[in-house]
Amino acid sequence: MPKLDRWVMEQALALLQKRRAESKPVRLFVSQSPRTLAQDDYANWLAQALRRPASTAPRW
């Protein structure tokens, strides 16, 4: 599940960046499993993903 949650989050962040570039803001709510949220490295991963441009996001 954590791998899927990270993929979903990456897709959501890419969409947010695309819509921002098009001046079409959108608000998304992205559900993540408790198992994913409990991972020790998840907060650091998410902080890095938020700083990373969408063009460099991994394609799972």
# chains A, B, ... in the order shown; residues from 1 in each chain; ligands from 1
>>> select_by_dssp(residues="chain A", states="helix (DSSP H, G or I)", output="compact mmCIF listing (two decimals) with C-alpha atoms, in the first residue's frame")
# COMPACT_ATOMS: atom_id res chain seq x y z
CA PRO A 2 2.74 2.57 0.75
CA LYS A 3 4.06 2.36 -2.81
CA LEU A 4 0.57 3.02 -4.20
CA ASP A 5 0.00 5.89 -1.78
CA ARG A 6 3.24 7.54 -2.85
CA TRP A 7 2.32 7.13 -6.52
CA VAL A 8 -1.09 8.71 -5.90
CA MET A 9 0.53 11.61 -4.05
CA GLU A 10 3.05 12.16 -6.86
CA GLN A 11 0.20 12.26 -9.39
CA ALA A 12 -1.75 14.72 -7.26
CA LEU A 13 1.27 17.01 -6.86
CA ALA A 14 1.92 16.93 -10.61
CA LEU A 15 -1.70 17.85 -11.30
CA LEU A 16 -1.56 20.72 -8.82
CA GLN A 17 1.57 22.09 -10.47
CA LYS A 18 0.06 21.74 -13.96
CA ARG A 19 -3.14 23.50 -12.95
CA ARG A 20 -1.17 26.27 -11.25
CA ALA A 21 0.84 26.83 -14.44
CA PRO A 34 -2.43 4.66 8.15
CA ARG A 35 0.31 2.16 7.25
CA THR A 36 1.88 4.70 4.89
CA LEU A 37 1.58 7.54 7.37
CA TYR A 42 7.20 9.27 5.01
CA ALA A 43 7.28 12.83 6.37
CA ASN A 44 10.73 13.41 4.87
CA TRP A 45 9.68 11.87 1.57
CA LEU A 46 6.59 14.09 1.40
CA ALA A 47 8.58 17.24 2.24
CA GLN A 48 11.00 16.43 -0.60
CA ALA A 49 8.14 15.66 -3.00
CA LEU A 50 6.55 19.03 -2.22
CA ARG A 51 9.80 20.83 -3.07
CA ALA A 54 6.79 17.87 -11.28
CA SER A 55 9.09 17.26 -14.24
CA THR A 56 11.55 15.46 -11.96
>>> decode(residues="segment 16-53 of chain A", atoms="N, CA and C atoms", output="short mmCIF file (atom, residue, chain, number, x, y, z; two decimals), in the first residue's frame")
data_model
loop_
_atom_site.label_atom_id
_atom_site.label_comp_id
_atom_site.auth_asym_id
_atom_site.auth_seq_id
_atom_site.Cartn_x
_atom_site.Cartn_y
_atom_site.Cartn_z
N LEU A 16 -1.52 19.40 -9.44
CA LEU A 16 -1.56 20.72 -8.82
C LEU A 16 -0.61 21.69 -9.51
N GLN A 17 0.59 21.22 -9.81
CA GLN A 17 1.57 22.09 -10.47
C GLN A 17 1.11 22.46 -11.88
N LYS A 18 0.56 21.48 -12.60
CA LYS A 18 0.06 21.74 -13.96
C LYS A 18 -1.06 22.77 -13.94
N ARG A 19 -2.01 22.58 -13.04
CA ARG A 19 -3.14 23.50 -12.95
C ARG A 19 -2.69 24.90 -12.53
N ARG A 20 -1.71 24.97 -11.66
CA ARG A 20 -1.17 26.27 -11.25
C ARG A 20 -0.55 26.98 -12.44
N ALA A 21 0.20 26.25 -13.25
CA ALA A 21 0.84 26.83 -14.44
C ALA A 21 -0.20 27.33 -15.44
N GLU A 22 -1.35 26.70 -15.46
CA GLU A 22 -2.43 27.09 -16.37
C GLU A 22 -3.36 28.15 -15.75
N SER A 23 -3.01 28.62 -14.56
CA SER A 23 -3.84 29.57 -13.81
C SER A 23 -5.25 29.03 -13.56
N LYS A 24 -5.31 27.73 -13.31
CA LYS A 24 -6.57 27.06 -12.98
C LYS A 24 -6.39 26.32 -11.66
N PRO A 25 -6.37 27.06 -10.56
CA PRO A 25 -6.12 26.40 -9.27
C PRO A 25 -7.17 25.35 -8.95
N VAL A 26 -6.73 24.36 -8.23
CA VAL A 26 -7.61 23.28 -7.81
C VAL A 26 -7.20 22.86 -6.40
N ARG A 27 -8.14 22.37 -5.63
CA ARG A 27 -7.85 21.87 -4.28
C ARG A 27 -8.10 20.37 -4.29
N LEU A 28 -7.12 19.62 -3.85
CA LEU A 28 -7.25 18.17 -3.80
C LEU A 28 -7.11 17.68 -2.36
N PHE A 29 -7.83 16.64 -2.05
CA PHE A 29 -7.69 15.95 -0.78
C PHE A 29 -7.21 14.55 -1.13
N VAL A 30 -6.02 14.20 -0.67
CA VAL A 30 -5.41 12.92 -1.03
C VAL A 30 -5.34 12.03 0.21
N SER A 31 -6.10 10.98 0.18
CA SER A 31 -6.12 10.04 1.30
C SER A 31 -4.88 9.16 1.25
N GLN A 32 -4.30 8.93 2.42
CA GLN A 32 -3.15 8.05 2.55
C GLN A 32 -3.45 7.05 3.65
N SER A 33 -3.01 5.82 3.47
CA SER A 33 -3.32 4.78 4.45
C SER A 33 -2.57 5.01 5.76
N PRO A 34 -3.13 4.56 6.87
CA PRO A 34 -2.43 4.66 8.15
C PRO A 34 -1.06 3.97 8.11
N ARG A 35 -0.98 2.87 7.37
CA ARG A 35 0.31 2.16 7.25
C ARG A 35 1.37 3.04 6.58
N THR A 36 0.96 3.78 5.57
CA THR A 36 1.88 4.70 4.89
C THR A 36 2.28 5.82 5.82
N LEU A 37 1.31 6.42 6.48
CA LEU A 37 1.58 7.54 7.37
C LEU A 37 2.46 7.16 8.55
N ALA A 38 2.45 5.89 8.92
CA ALA A 38 3.25 5.41 10.05
C ALA A 38 4.70 5.12 9.68
N GLN A 39 5.02 5.13 8.39
CA GLN A 39 6.41 4.86 7.99
C GLN A 39 7.33 5.97 8.50
N ASP A 40 8.48 5.56 9.01
CA ASP A 40 9.43 6.52 9.58
C ASP A 40 9.88 7.58 8.58
N ASP A 41 10.04 7.22 7.33
CA ASP A 41 10.59 8.15 6.34
C ASP A 41 9.52 8.91 5.54
N TYR A 42 8.24 8.67 5.85
CA TYR A 42 7.20 9.27 5.01
C TYR A 42 7.18 10.80 5.07
N ALA A 43 7.30 11.37 6.25
CA ALA A 43 7.28 12.83 6.37
C ALA A 43 8.41 13.46 5.57
N ASN A 44 9.60 12.88 5.64
CA ASN A 44 10.73 13.41 4.87
C ASN A 44 10.50 13.25 3.38
N TRP A 45 9.97 12.09 2.98
CA TRP A 45 9.68 11.87 1.57
C TRP A 45 8.67 12.90 1.06
N LEU A 46 7.62 13.14 1.82
CA LEU A 46 6.59 14.09 1.40
C LEU A 46 7.16 15.51 1.32
N ALA A 47 7.96 15.90 2.28
CA ALA A 47 8.58 17.24 2.24
C ALA A 47 9.42 17.40 0.98
N GLN A 48 10.19 16.37 0.62
CA GLN A 48 11.00 16.43 -0.60
C GLN A 48 10.12 16.47 -1.83
N ALA A 49 9.05 15.69 -1.85
CA ALA A 49 8.14 15.66 -3.00
C ALA A 49 7.48 17.02 -3.20
N LEU A 50 7.18 17.71 -2.12
CA LEU A 50 6.55 19.03 -2.22
C LEU A 50 7.52 20.08 -2.79
N ARG A 51 8.80 19.89 -2.56
CA ARG A 51 9.80 20.83 -3.07
C ARG A 51 10.23 20.53 -4.50
N ARG A 52 10.00 19.31 -4.95
CA ARG A 52 10.50 18.84 -6.25
C ARG A 52 9.58 19.32 -7.38
N PRO A 53 10.18 19.83 -8.46
CA PRO A 53 9.35 20.17 -9.64
C PRO A 53 8.71 18.91 -10.20
#
